[in-house]
$ cat final_37.pdb   # PDB, C-alpha atoms
ATOM      1  CA  MET A   1       0.000   0.000   0.000
ATOM      2  CA  HIS A   2       1.204   3.505  -0.843
ATOM      3  CA  THR A   3       0.751   5.893   2.058
ATOM      4  CA  CYS A   4       0.613   9.636   2.501
ATOM      5  CA  HIS A   5      -0.273  11.706   5.522
ATOM      6  CA  HIS A   6      -2.411  14.451   3.981
ATOM      7  CA  ALA A   7      -5.215  15.136   1.539
ATOM      8  CA  LEU A   8      -5.577  18.710   0.319
ATOM      9  CA  ILE A   9      -9.071  19.809  -0.659
ATOM     10  CA  ARG A  10      -8.654  22.932  -2.738
ATOM     11  CA  CYS A  11     -10.506  24.972  -5.315
ATOM     12  CA  MET A  12      -9.757  24.273  -8.937
ATOM     13  CA  ASP A  13      -9.043  27.996  -9.546
ATOM     14  CA  PHE A  14      -5.898  28.298 -11.681
ATOM     15  CA  ARG A  15      -4.878  31.508  -9.883
ATOM     16  CA  LEU A  16      -3.937  29.439  -6.833
ATOM     17  CA  GLN A  17      -1.677  26.862  -8.468
ATOM     18  CA  LYS A  18       1.772  28.462  -8.138
ATOM     19  CA  ALA A  19       1.138  29.650  -4.581
ATOM     20  CA  ILE A  20      -0.174  26.246  -3.499
ATOM     21  CA  ASP A  21       2.800  24.488  -5.092
ATOM     22  CA  GLN A  22       5.203  26.796  -3.237
ATOM     23  CA  TRP A  23       3.225  26.486   0.024
ATOM     24  CA  MET A  24       3.320  22.686  -0.228
ATOM     25  CA  VAL A  25       7.112  22.727  -0.602
ATOM     26  CA  GLU A  26       7.474  25.147   2.344
ATOM     27  CA  LYS A  27       5.259  22.919   4.530
ATOM     28  CA  ASN A  28       7.022  19.693   3.429
ATOM     29  CA  LEU A  29       3.793  18.405   1.877
ATOM     30  CA  ALA A  30       5.042  17.852  -1.669
ATOM     31  CA  GLY A  31       5.059  14.131  -2.344
ATOM     32  CA  ASP A  32       3.019  13.409   0.792
ATOM     33  CA  CYS A  33      -0.397  14.758  -0.153
ATOM     34  CA  ASP A  34      -3.364  13.596  -2.207
ATOM     35  CA  MET A  35      -4.855  16.490  -4.195
ATOM     36  CA  ILE A  36      -8.618  16.935  -4.388
ATOM     37  CA  SER A  37      -9.596  19.876  -6.596
ATOM     38  CA  VAL A  38     -13.182  21.032  -7.004
ATOM     39  CA  ALA A  39     -14.827  24.411  -7.469
ATOM     40  CA  GLY A  40     -15.469  25.922  -4.050
ATOM     41  CA  ALA A  41     -13.407  23.322  -2.158
ATOM     42  CA  GLY A  42     -15.311  22.921   1.125
ATOM     43  CA  LYS A  43     -18.573  24.052  -0.494
ATOM     44  CA  ASP A  44     -19.129  20.580  -1.945
ATOM     45  CA  ILE A  45     -18.923  19.010   1.507
ATOM     46  CA  VAL A  46     -21.361  21.507   3.029
ATOM     47  CA  ASP A  47     -23.812  21.279   0.105
ATOM     48  CA  ASN A  48     -23.522  17.517  -0.386
ATOM     49  CA  PRO A  49     -21.986  15.672   2.606
ATOM     50  CA  ASP A  50     -21.960  12.337   0.732
ATOM     51  CA  GLY A  51     -20.883  13.755  -2.626
ATOM     52  CA  PHE A  52     -17.723  13.929  -4.705
ATOM     53  CA  VAL A  53     -15.326  15.360  -2.125
ATOM     54  CA  ALA A  54     -16.518  13.002   0.613
ATOM     55  CA  THR A  55     -15.912  10.069  -1.732
ATOM     56  CA  GLN A  56     -12.422  11.343  -2.521
ATOM     57  CA  ILE A  57     -11.603  11.685   1.196
ATOM     58  CA  ASP A  58     -12.796   8.112   1.763
ATOM     59  CA  LEU A  59     -10.631   6.864  -1.111
ATOM     60  CA  SER A  60      -7.591   8.798   0.117
ATOM     61  CA  SER A  61      -8.026   7.253   3.552
ATOM     62  CA  LYS A  62      -8.629   3.755   2.218
ATOM     63  CA  LEU A  63      -5.913   3.712  -0.440
ATOM     64  CA  HIS A  64      -3.231   5.845   1.206
ATOM     65  CA  ALA A  65      -4.007   5.740   4.953
ATOM     66  CA  THR A  66      -4.404   9.535   4.996
ATOM     67  CA  LYS A  67      -4.732  10.945   8.508
ATOM     68  CA  THR A  68      -5.045  14.714   7.926
ATOM     69  CA  VAL A  69      -7.367  16.673   5.659
ATOM     70  CA  LEU A  70      -6.190  20.143   4.686
ATOM     71  CA  LEU A  71      -9.292  22.130   3.756
ATOM     72  CA  MET A  72      -8.439  25.237   1.729
ATOM     73  CA  ASN A  73     -10.973  27.841   0.666
ATOM     74  CA  HIS A  74     -10.031  31.119  -0.972
ATOM     75  CA  MET A  75     -11.275  34.659  -1.209
ATOM     76  CA  ASP A  76     -12.876  35.798  -4.490
ATOM     77  CA  CYS A  77     -14.032  32.223  -5.194
ATOM     78  CA  GLY A  78     -16.416  32.050  -8.144
ATOM     79  CA  ALA A  79     -18.308  29.103  -6.641
ATOM     80  CA  TYR A  80     -19.358  31.454  -3.820
ATOM     81  CA  GLY A  81     -20.047  34.389  -6.153
ATOM     82  CA  GLY A  82     -16.658  36.095  -5.829
ATOM     83  CA  HIS A  83     -16.007  39.317  -3.914
ATOM     84  CA  THR A  84     -19.171  40.953  -5.245
ATOM     85  CA  ALA A  85     -21.414  38.436  -3.468
ATOM     86  CA  PHE A  86     -20.376  39.901  -0.107
ATOM     87  CA  GLU A  87     -20.832  43.267   1.549
ATOM     88  CA  ASN A  88     -17.094  43.578   2.229
ATOM     89  CA  LEU A  89     -13.930  41.531   2.594
ATOM     90  CA  GLU A  90     -14.505  40.922   6.313
ATOM     91  CA  THR A  91     -17.949  39.437   5.597
ATOM     92  CA  GLU A  92     -16.499  37.285   2.827
ATOM     93  CA  ARG A  93     -13.692  36.053   5.089
ATOM     94  CA  ALA A  94     -16.154  35.239   7.884
ATOM     95  CA  HIS A  95     -18.334  33.318   5.424
ATOM     96  CA  HIS A  96     -15.415  31.191   4.214
ATOM     97  CA  ILE A  97     -14.358  30.410   7.774
ATOM     98  CA  SER A  98     -17.947  29.458   8.631
ATOM     99  CA  GLU A  99     -18.196  27.207   5.563
ATOM    100  CA  MET A 100     -14.877  25.521   6.330
ATOM    101  CA  THR A 101     -15.948  25.003   9.951
ATOM    102  CA  LYS A 102     -19.159  23.289   8.773
ATOM    103  CA  ALA A 103     -17.183  21.175   6.290
ATOM    104  CA  ALA A 104     -14.644  20.220   8.977
ATOM    105  CA  GLU A 105     -17.456  19.167  11.331
ATOM    106  CA  THR A 106     -18.990  17.045   8.569
ATOM    107  CA  ILE A 107     -15.666  15.349   7.835
ATOM    108  CA  LYS A 108     -14.990  14.705  11.543
ATOM    109  CA  ALA A 109     -18.495  13.276  12.047
ATOM    110  CA  LYS A 110     -17.845  10.673   9.327
ATOM    111  CA  ARG A 111     -14.153  10.131  10.126
ATOM    112  CA  PRO A 112     -13.423  10.980  13.764
ATOM    113  CA  ASP A 113      -9.910   9.546  13.354
ATOM    114  CA  MET A 114      -8.966  12.266  10.844
ATOM    115  CA  GLU A 115      -7.520  15.631  11.740
ATOM    116  CA  VAL A 116      -8.917  18.559   9.736
ATOM    117  CA  LYS A 117      -6.952  21.765   9.294
ATOM    118  CA  MET A 118      -8.515  24.880   7.771
ATOM    119  CA  ILE A 119      -6.561  27.141   5.436
ATOM    120  CA  LEU A 120      -7.646  30.339   3.702
ATOM    121  CA  ALA A 121      -5.977  31.751   0.611
ATOM    122  CA  ASN A 122      -6.347  35.397  -0.324
ATOM    123  CA  ILE A 123      -5.883  36.676  -3.866
ATOM    124  CA  ASP A 124      -5.175  40.414  -3.815
ATOM    125  CA  GLU A 125      -5.942  42.913  -6.582
ATOM    126  CA  ASN A 126      -2.515  42.265  -8.128
ATOM    127  CA  GLY A 127      -3.070  38.487  -8.212
ATOM    128  CA  THR A 128      -0.682  37.807  -5.340
ATOM    129  CA  VAL A 129      -1.814  34.851  -3.239
ATOM    130  CA  THR A 130      -1.188  34.574   0.487
ATOM    131  CA  ILE A 131      -2.058  31.431   2.388
ATOM    132  CA  GLU A 132      -2.867  31.358   6.112
ATOM    133  CA  ASN A 133      -3.832  28.721   8.635
ATOM    134  CA  ILE A 134      -7.151  29.369  10.340
TER     135      ILE A 134
END

$ encode --input "final_37.pdb" --output "structure tokens"
Amino acid sequence: MHTCHHALIRCMDFRLQKAIDQWMVEKNLAGDCDMISVAGAGKDIVDNPDGFVATQIDLSSKLHATKTVLLMNHMDCGAYGGHTAFENLETERAHHISEMTKAAETIKAKRPDMEVKMILANIDENGTVTIENI
């Protein structure tokens, strides 16, 4: 059996790719992480707890003995309506944290043995991406 310690659930947004690649190297995750990409990341878990992402988490656990889920949402996510769907950046940030919290609770309810870490990426007006642990 091939094993890895982490599964990263991330948005498919191309704007994140270089920053995520660099972040994974900095965090020593490269080569030790299953990648699950879907529009909205945690949104799929909240909207459909037994859907695509849940199935991918189950497969990662079964096939690779994954113990930690890294749940990454990002600001200005089209699946959530982008910046314009929110009154301001603080409201948008709070919404993403709330969604990730709900997704983390759903994952933990199904797989209490898994650790879930929440991560938020911000894409600024210049396209620069910063990634922070929540």

$ residues_around --input "final_37.pdb" --residues "A:His5" --least-positions-apart "5" --cutoff "10 Å" --atoms "all atoms listed in the file" --output "ChimeraX atom specification"
/A:29,31-34,60-61,64-69

$ resolve_selection --input "final_37.pdb" --expression "the PyMOL selection byres ((chain A and resi 120) around 12)" --output "NGL selection string"
:A and (9-11 or 16 or 20 or 40-42 or 70-77 or 92-101 or 117-119 or 121-123 or 129-134)

$ closest_residue --input "final_37.pdb" --among "A:Gly78, A:His2, A:Arg15, A:Leu59" --to "A:Gly127" --atoms "all atoms listed in the file"
A:Arg15

$ atom_distance --input "final_37.pdb" --atom1 "atom CA of A:Glu115" --atom2 "atom CA of A:Asp21"
21.6 Å

$ atom_distance --input "final_37.pdb" --atom1 "atom CA of A:Leu8" --atom2 "atom CA of A:Ser37"
8.1 Å

$ closest_residue --input "final_37.pdb" --among "A:Gly51, A:Ala39, A:Met12, A:Glu26" --to "A:Gly81" --atoms "only C-alpha atoms"
A:Ala39

$ closest_residue --input "final_37.pdb" --among "A:Thr91, A:Leu63, A:Val25, A:Lys102" --to "A:Asp47" --atoms "all atoms listed in the file"
A:Lys102

$ atom_distance --input "final_37.pdb" --atom1 "atom CA of A:His6" --atom2 "atom CA of A:Ile36"
10.7 Å

$ closest_residue --input "final_37.pdb" --among "A:Met24, A:Ile57, A:Ile45, A:Met35" --to "A:Met114" --atoms "all atoms listed in the file"
A:Ile57
